[in-house]
Every structure is written in structure tokens, then in C-alpha cells.
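To start, the structure under review is shown below, and the notes come after it.
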Amino acid sequence: MTDPIAPHRRDVLAGLVAAALASAAFARPRMPGWRAVQAMLDTLVRDRAASGICMGLTYGGATPVYPASGTISFDSATRFDENSLCRIYSMTKQALSS
């Protein structure tokens, strides 16, 4: 006969697994380093797909970061960054009307 108060080995293991899963579910995810994004931006500028690119990124409510690459135009030495102004338009439909 088994003692109803003493836990079985399976019950202990199930409790440990549940505790591990619960702590993983509530743990804050690690902040990404955005190295792959920076490498992609550098590649696009190197291949002359754009003279300069900047992206605003955040994860999990963290402070935004702005990886950037290139210059404001192909014939300029001014770096492209989060404060650069550029015209954004649609290639498939009219975005502005006159």
C-alpha cells in the first residue's frame, strides 16, 4: 500500500517540469542585438539598392534603436540616420494628389 501523503516520483517530476515551464513563460525575453539587421542594411547600401537606410526597432517595450547605413544621397558624404528626412511614396498607387 502507498502512503497518500508521500508524493510519487512522477508527481515530483511533473511539478518540476511545470515550475520550469511557468518560469520560462513569465521570464522576460532577451533583447536582440540587431546585428543581422545592421548587416542587411550594410549589404543593401553596398549593393547600391539605396544610398542610405535607417530602421526604428524595438522589442518588448525597450527603448527604440535605429540601425542605419549609408548616406543621404549617392553623391553626399552626410550620414543617413534616424533624423534624416526622405520622401516615401507608393510604387503601385498614387500616394499624393494635386
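Labels for the C-alpha cells follow display order: chains A, B, ..., residues from 1 in each chain, ligands from 1.
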
**OP:** Write out as a ChimeraX atom specification the residues lying within 12 Å of Ser73 (chain A), counting only C-alpha atoms and excluding same-chain residues fewer than 3 positions away.
**Re:** /A:45,48-53,69-70,76-80,84-86

Subject >> DSSP strand (DSSP E or B) residues within region 26-65 of chain A, listed as a list in words >> reply: Gly52, Ile53, Cys54, Leu57 and Val65 of chain A
